[in-house]
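J.: Here it is, the structure, as structure tokens.
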Amino acid sequence: MTISNYSFKGRKAIVRVDFNVPLDEQGNITDDTRIRGALPTLKHILSEGGSLIIMSHMGKPKGKPEAKYSLRQIVDAVSKALGVAVQFAPDCAKAQQAAAALKAGEVLMLENLRFYAEEEGKPVGIDKEDPAYEAAKKEMKARQKDFAKTLAAYADCYVNDAFGTAHRKHASTAVIADYFDAENKMLGFLMEKEVEAVNNVLNNIRRPFTAIMGGSKVSTKIGIIENLMDKVDNLILCGGMTYTFAKAQGGKIGDSICEDDKLELALDIIAQAKAKGVNLVLGSDTVIADKFANDANQQVCPCNAIPEGWSGMDAGPESRRQFAEAIEGAKTILWNGPAGVFEFDNFTAGSRAIAESIAKATDKGAYSLIGGGDSVACINKFGMAERVSYISTGGGALLEAIEGKELPGVAAIKG
């Protein structure tokens, strides 16, 4: 079933959204992107004559109520965004009466799902090494099913529109789907777009395909790199991992960030790329600094000849040219992770150059997917969000999908 062809008239829909929005000390929302992302799905259900039960998590309250993570703080903002007064259920597991009383066009938001440990389904307060852990885990899984069953009982149909948590097998993201038949569970519009975006990059490849992987550590990206190695024509590895590769090949990297226990892995990636005919672009020069600060002294030098007391902070001009060459001729582009310490304005040139090249390629008809918090922050910082094909809302979920892993939140609905 798809959300577009489902009849919501006279039906209650329980919708999992990702309203884990950042709040300031006064409880005001500082970035409402996630709320805006869910609006097409929520408004569609209401316009079709349905009623809404919205559920989400916020923060990491460790299975018990904490005022700073209460969704009550965002009720007014969601009401304003939807144009409907949103009712609030102060206990997500005891909202039977409030849900039953909902009329067409009305909206009820449940309190934070993670105020119950059953949402995540992990035993609390017991160490994995404890002999009693397995029994506690089994008991918690049974309680998780009961919790999901309670949530499911509020509604006639289930919609998952929370891509940011699709990689978690939580009560509200996957287990709940077991209590609805195939005709009454579906992905929301945001989830549909996210799944399609991943599919475009991994399965509907137009060549050449260029992937850009940045960030500080090789270890956190190894699964993605290995999965992409069989798909891409060009693989740009940049950011902090540059210096692990430089050191692995015998270079001097000064005080740059480096995973010394991943030097062999770096060499193995280089060998894999060569064996598979992938153009591996590591960049040849770097902007270095004498301290980790925006006002540091800086100079440009080769990635493999960084003096002691200096650290690599950004891709150098020659590296940027190499990146542009691999990006601007591409027809499919994936970007995850910055090329440098983009939080400092004086070290944004590498990341900006990548963004500009992606925008140019997209203007010429390439399909570009930007994913992961830092890449999204980059593209927004440089004002280029409108010049790329798709910006993913899901950090961990997107990375696991690119890694080739099945997402429980999608599998629970698609089977």
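Just remember, in the structure tokens the first chain shown is A, the second B, etc., residues are 1-based per chain, and ligands are 1-based in the order shown.
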Per residue of stretch 117-231 of chain A within 9 Å of stretch 4-19 of chain A, what are the shortest atom pair and its distance in Å to one decimal, counting only C-alpha atoms, with rows by chain and residue number, as a tab-separated table?
T.:
```
residue	atom	partner	partner_atom	distance
A:Leu151	CA	A:Ile14	CA	8.1
A:Ala152	CA	A:Ile14	CA	7.5
A:Tyr154	CA	A:Ile14	CA	7.3
A:Ala155	CA	A:Lys12	CA	4.9
A:Asp156	CA	A:Lys12	CA	5.3
A:Cys157	CA	A:Ala13	CA	5.0
A:Tyr158	CA	A:Ile14	CA	5.1
A:Val159	CA	A:Val15	CA	4.7
A:Asn160	CA	A:Arg16	CA	4.9
A:Asp161	CA	A:Val17	CA	5.2
A:Ala162	CA	A:Val17	CA	4.5
A:Phe163	CA	A:Asp18	CA	7.5
A:Gly164	CA	A:Asp18	CA	6.6
A:Thr165	CA	A:Asp18	CA	7.3
A:Ser172	CA	A:Arg16	CA	6.6
A:Thr173	CA	A:Arg16	CA	6.8
A:Glu183	CA	A:Tyr6	CA	8.4
A:Asn184	CA	A:Tyr6	CA	8.2
A:Met186	CA	A:Tyr6	CA	8.9
A:Gly188	CA	A:Val15	CA	8.3
A:Phe189	CA	A:Ser4	CA	8.5
```
J.: Take the residues just selected and output them with C-alpha atoms as a PDB file, in the first residue's frame.
T.:
```pdb
ATOM      1  CA  LEU A 151       0.436   1.935  20.247  1.00  0.00           C
ATOM      2  CA  ALA A 152      -1.063   0.036  17.303  1.00  0.00           C
ATOM      3  CA  TYR A 154      -4.890   3.518  18.895  1.00  0.00           C
ATOM      4  CA  ALA A 155      -5.300   3.534  15.117  1.00  0.00           C
ATOM      5  CA  ASP A 156      -6.669   1.918  11.957  1.00  0.00           C
ATOM      6  CA  CYS A 157      -3.475   2.327   9.952  1.00  0.00           C
ATOM      7  CA  TYR A 158       0.255   2.943  10.445  1.00  0.00           C
ATOM      8  CA  VAL A 159       2.489   5.353   8.518  1.00  0.00           C
ATOM      9  CA  ASN A 160       6.260   5.497   9.007  1.00  0.00           C
ATOM     10  CA  ASP A 161       7.702   8.845   7.924  1.00  0.00           C
ATOM     11  CA  ALA A 162      10.802   8.832  10.158  1.00  0.00           C
ATOM     12  CA  PHE A 163      13.751   7.987   7.916  1.00  0.00           C
ATOM     13  CA  GLY A 164      16.186   9.238  10.564  1.00  0.00           C
ATOM     14  CA  THR A 165      15.269   6.228  12.747  1.00  0.00           C
ATOM     15  CA  SER A 172       7.426   2.501  16.896  1.00  0.00           C
ATOM     16  CA  THR A 173       9.651   2.136  13.827  1.00  0.00           C
ATOM     17  CA  GLU A 183      -3.189  -2.943   3.288  1.00  0.00           C
ATOM     18  CA  ASN A 184      -3.014  -0.721   6.375  1.00  0.00           C
ATOM     19  CA  MET A 186       2.742   2.341   4.437  1.00  0.00           C
ATOM     20  CA  GLY A 188       5.067   8.458   4.365  1.00  0.00           C
ATOM     21  CA  PHE A 189       6.031  10.862   1.572  1.00  0.00           C
TER      22      PHE A 189
END
```
J.: List as CSV every residue of stretch 8-96 of chain A that is in contact with stretch 122-133 of chain A, defined as an atom at most 12 Å from one of its atoms (using only C-alpha atoms), together with the nearest atom pair and the distance in Å rounded to one decimal, sorted by chain and then rising number.
T.:
```
residue,atom,partner,partner_atom,distance
A:Pro61,CA,A:Val124,CA,11.5
A:Lys62,CA,A:Val124,CA,7.7
A:Gly63,CA,A:Val124,CA,7.6
A:Lys64,CA,A:Val124,CA,10.2
```
J.: Convert the current residue selection to file output with N, CA, C and O atoms, as an mmCIF file, in the first residue's frame.
T.:
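New file again_34.cif:
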```cif
data_model
loop_
_atom_site.group_PDB
_atom_site.id
_atom_site.type_symbol
_atom_site.label_atom_id
_atom_site.label_comp_id
_atom_site.auth_asym_id
_atom_site.auth_seq_id
_atom_site.Cartn_x
_atom_site.Cartn_y
_atom_site.Cartn_z
ATOM 1 N N PRO A 61 16.479 9.927 26.704
ATOM 2 C CA PRO A 61 16.099 9.986 28.122
ATOM 3 C C PRO A 61 16.314 8.694 28.924
ATOM 4 O O PRO A 61 16.007 8.641 30.103
ATOM 5 N N LYS A 62 16.835 7.649 28.282
ATOM 6 C CA LYS A 62 17.169 6.395 28.986
ATOM 7 C C LYS A 62 15.971 5.718 29.663
ATOM 8 O O LYS A 62 16.057 5.233 30.792
ATOM 9 N N GLY A 63 14.854 5.688 28.963
ATOM 10 C CA GLY A 63 13.720 4.895 29.405
ATOM 11 C C GLY A 63 12.909 5.444 30.552
ATOM 12 O O GLY A 63 12.126 4.722 31.163
ATOM 13 N N LYS A 64 13.079 6.722 30.870
ATOM 14 C CA LYS A 64 12.236 7.319 31.922
ATOM 15 C C LYS A 64 12.011 8.797 31.602
ATOM 16 O O LYS A 64 12.832 9.422 30.923
#
```
J.: For stretch 291-305 of chain A, find every residue with an atom within 12 Å (counting only C-alpha atoms), except residues of its own chain fewer than 6 positions away, and show them as a ChimeraX atom specification.
T.: /A:238-257,282-285,311-319,340-348
J.: Under the rule that only C-alpha atoms are counted, which of A:Lys141, A:Ile74, A:Thr332, A:Ala136 is the nearest residue to A:Phe88?
T.: A:Ile74
J.: In Å, with one decimal, what is the gap from atom CA of A:Ala77 to atom CA of A:Ser389?
T.: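 Taking atom CA of A:Ala77 as the start and atom CA of A:Ser389 as the end point, the length is 28.3 Å.
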J.: Please measure the separation of atom CA of A:Gly50 and atom CA of A:Glu106, giving the value in Å to one decimal.
T.: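 So the answer is 8.0 Å.
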J.: Identify, on the basis of only C-alpha atoms, every residue whose closest approach to A:Glu66 does not exceed 10 Å; exclude the query and any residue fewer than 5 positions from it along the same chain; express the result as a PyMOL selection string.
T.: chain A and resi 59-61+112+114-115
J.: A:Leu23, A:Leu398, A:Ala366, A:Ile288: which is nearest A:Gly329, counting only C-alpha atoms?
T.: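 Answer, going by the shortest atom-to-atom distance: A:Ala366.
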J.: Hey, what does DSSP flag as helix (DSSP H, G or I) within stretch 53-286 of chain A? Can you give it to me as JSON, numbers by chain?
T.: {"A": [67, 68, 69, 71, 72, 73, 74, 75, 76, 77, 78, 79, 80, 81, 82, 96, 97, 98, 99, 100, 113, 114, 115, 133, 134, 135, 136, 137, 138, 139, 140, 141, 142, 143, 144, 145, 146, 147, 148, 149, 150, 151, 152, 163, 164, 165, 175, 176, 177, 178, 179, 182, 183, 184, 189, 190, 191, 192, 193, 194, 195, 196, 197, 198, 199, 200, 201, 202, 222, 223, 224, 225, 226, 227, 228, 241, 242, 243, 244, 245, 246, 247, 248, 260, 261, 262, 263, 264, 265, 266, 267, 268, 269, 270, 271, 272, 273, 274, 275, 276]}
J.: With C-alpha atoms retained, could you export that selection as an mmCIF file, in the first residue's frame?
T.:
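Ended up saving to selection02.cif:
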```
data_model
loop_
_atom_site.group_PDB
_atom_site.id
_atom_site.type_symbol
_atom_site.label_atom_id
_atom_site.label_comp_id
_atom_site.auth_asym_id
_atom_site.auth_seq_id
_atom_site.Cartn_x
_atom_site.Cartn_y
_atom_site.Cartn_z
ATOM 1 C CA ALA A 67 11.204 17.295 31.355
ATOM 2 C CA LYS A 68 13.937 18.575 29.006
ATOM 3 C CA TYR A 69 12.978 15.862 26.491
ATOM 4 C CA LEU A 71 7.441 16.741 23.353
ATOM 5 C CA ARG A 72 4.998 19.071 25.126
ATOM 6 C CA GLN A 73 7.557 21.800 24.351
ATOM 7 C CA ILE A 74 6.906 21.536 20.601
ATOM 8 C CA VAL A 75 3.096 21.195 20.573
ATOM 9 C CA ASP A 76 2.534 24.897 19.779
ATOM 10 C CA ALA A 77 5.090 24.848 16.956
ATOM 11 C CA VAL A 78 3.533 21.734 15.404
ATOM 12 C CA SER A 79 0.031 23.240 15.772
ATOM 13 C CA LYS A 80 1.197 26.370 13.961
ATOM 14 C CA ALA A 81 2.931 24.372 11.194
ATOM 15 C CA LEU A 82 -0.118 22.144 10.639
ATOM 16 C CA GLN A 96 -6.454 5.069 24.616
ATOM 17 C CA GLN A 97 -9.255 7.472 25.557
ATOM 18 C CA ALA A 98 -7.709 10.493 23.822
ATOM 19 C CA ALA A 99 -7.127 8.457 20.648
ATOM 20 C CA ALA A 100 -10.634 6.967 20.672
ATOM 21 C CA LEU A 113 8.261 7.310 23.120
ATOM 22 C CA ARG A 114 11.680 6.920 24.737
ATOM 23 C CA PHE A 115 10.239 7.710 28.166
ATOM 24 C CA TYR A 133 21.612 -10.120 30.733
ATOM 25 C CA GLU A 134 20.239 -12.615 28.181
ATOM 26 C CA ALA A 135 17.161 -13.319 30.312
ATOM 27 C CA ALA A 136 16.615 -9.575 30.793
ATOM 28 C CA LYS A 137 16.976 -9.031 27.042
ATOM 29 C CA LYS A 138 14.385 -11.726 26.293
ATOM 30 C CA GLU A 139 11.968 -10.225 28.798
ATOM 31 C CA MET A 140 12.466 -6.729 27.334
ATOM 32 C CA LYS A 141 11.750 -7.976 23.794
ATOM 33 C CA ALA A 142 8.417 -9.373 25.042
ATOM 34 C CA ARG A 143 7.626 -6.056 26.731
ATOM 35 C CA GLN A 144 8.584 -4.217 23.522
ATOM 36 C CA LYS A 145 5.968 -6.244 21.603
ATOM 37 C CA ASP A 146 3.314 -5.383 24.188
ATOM 38 C CA PHE A 147 4.268 -1.689 23.979
ATOM 39 C CA ALA A 148 4.041 -1.753 20.155
ATOM 40 C CA LYS A 149 0.671 -3.533 20.382
ATOM 41 C CA THR A 150 -0.633 -0.791 22.706
ATOM 42 C CA LEU A 151 0.436 1.935 20.247
ATOM 43 C CA ALA A 152 -1.063 0.036 17.303
ATOM 44 C CA PHE A 163 13.751 7.987 7.916
ATOM 45 C CA GLY A 164 16.186 9.238 10.564
ATOM 46 C CA THR A 165 15.269 6.228 12.747
ATOM 47 C CA VAL A 175 7.695 -3.816 15.661
ATOM 48 C CA ILE A 176 4.388 -1.914 15.478
ATOM 49 C CA ALA A 177 4.055 -2.814 11.785
ATOM 50 C CA ASP A 178 3.435 -6.454 12.776
ATOM 51 C CA TYR A 179 0.024 -5.398 14.145
ATOM 52 C CA ALA A 182 -0.204 -5.057 4.375
ATOM 53 C CA GLU A 183 -3.189 -2.943 3.288
ATOM 54 C CA ASN A 184 -3.014 -0.721 6.375
ATOM 55 C CA PHE A 189 6.031 10.862 1.572
ATOM 56 C CA LEU A 190 9.366 11.749 3.212
ATOM 57 C CA MET A 191 10.295 8.070 3.625
ATOM 58 C CA GLU A 192 9.291 7.342 0.028
ATOM 59 C CA LYS A 193 11.572 10.146 -1.181
ATOM 60 C CA GLU A 194 14.483 8.953 0.984
ATOM 61 C CA VAL A 195 14.173 5.335 -0.198
ATOM 62 C CA GLU A 196 13.948 6.510 -3.817
ATOM 63 C CA ALA A 197 17.035 8.720 -3.370
ATOM 64 C CA VAL A 198 19.117 5.813 -2.055
ATOM 65 C CA ASN A 199 17.804 3.607 -4.859
ATOM 66 C CA ASN A 200 18.766 6.223 -7.458
ATOM 67 C CA VAL A 201 22.327 6.350 -6.149
ATOM 68 C CA LEU A 202 22.871 2.622 -5.629
ATOM 69 C CA ILE A 222 34.852 1.364 5.901
ATOM 70 C CA GLY A 223 31.567 -0.507 5.319
ATOM 71 C CA ILE A 224 30.355 2.231 2.976
ATOM 72 C CA ILE A 225 33.671 2.467 1.139
ATOM 73 C CA GLU A 226 33.738 -1.293 0.543
ATOM 74 C CA ASN A 227 30.123 -1.371 -0.685
ATOM 75 C CA LEU A 228 30.725 1.591 -3.009
ATOM 76 C CA MET A 241 41.056 10.380 6.812
ATOM 77 C CA THR A 242 43.431 11.941 4.237
ATOM 78 C CA TYR A 243 46.256 11.795 6.770
ATOM 79 C CA THR A 244 45.764 8.131 7.657
ATOM 80 C CA PHE A 245 46.220 7.343 3.957
ATOM 81 C CA ALA A 246 49.229 9.665 3.683
ATOM 82 C CA LYS A 247 50.958 8.068 6.684
ATOM 83 C CA ALA A 248 50.142 4.553 5.454
ATOM 84 C CA ASP A 260 47.403 4.467 13.469
ATOM 85 C CA ASP A 261 45.617 1.132 13.797
ATOM 86 C CA LYS A 262 44.040 1.566 10.343
ATOM 87 C CA LEU A 263 47.202 2.033 8.245
ATOM 88 C CA GLU A 264 46.988 -1.508 6.819
ATOM 89 C CA LEU A 265 43.309 -0.970 6.074
ATOM 90 C CA ALA A 266 44.164 2.209 4.163
ATOM 91 C CA LEU A 267 46.682 0.325 2.033
ATOM 92 C CA ASP A 268 44.104 -2.415 1.434
ATOM 93 C CA ILE A 269 41.567 0.177 0.196
ATOM 94 C CA ILE A 270 44.163 1.588 -2.220
ATOM 95 C CA ALA A 271 44.856 -1.959 -3.511
ATOM 96 C CA GLN A 272 41.132 -2.726 -3.842
ATOM 97 C CA ALA A 273 40.529 0.423 -5.881
ATOM 98 C CA LYS A 274 43.391 -0.458 -8.213
ATOM 99 C CA ALA A 275 42.165 -4.037 -8.656
ATOM 100 C CA LYS A 276 38.611 -2.897 -9.401
#
```
J.: Where does DSSP see strand (DSSP E or B) in stretch 29-153 of chain A, if you list the residues as a PyMOL selection string?
T.: chain A and resi 29+51-55+86-89+107-110
J.: Report as a PyMOL selection string all protein, DNA and RNA residues lying within 8 Å of A:Val388, evaluated on only C-alpha atoms, omitting residues in the same chain fewer than 2 positions from it.
T.: chain A and resi 358-359+362+367-370+384-386+390-391
J.: Using atom CA of A:Ala397 and atom CA of A:Lys381 as the two end points, give the distance in Å to one decimal.
T.: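 According to the coordinates, atom CA of A:Ala397 and atom CA of A:Lys381 are separated by 22.6 Å.
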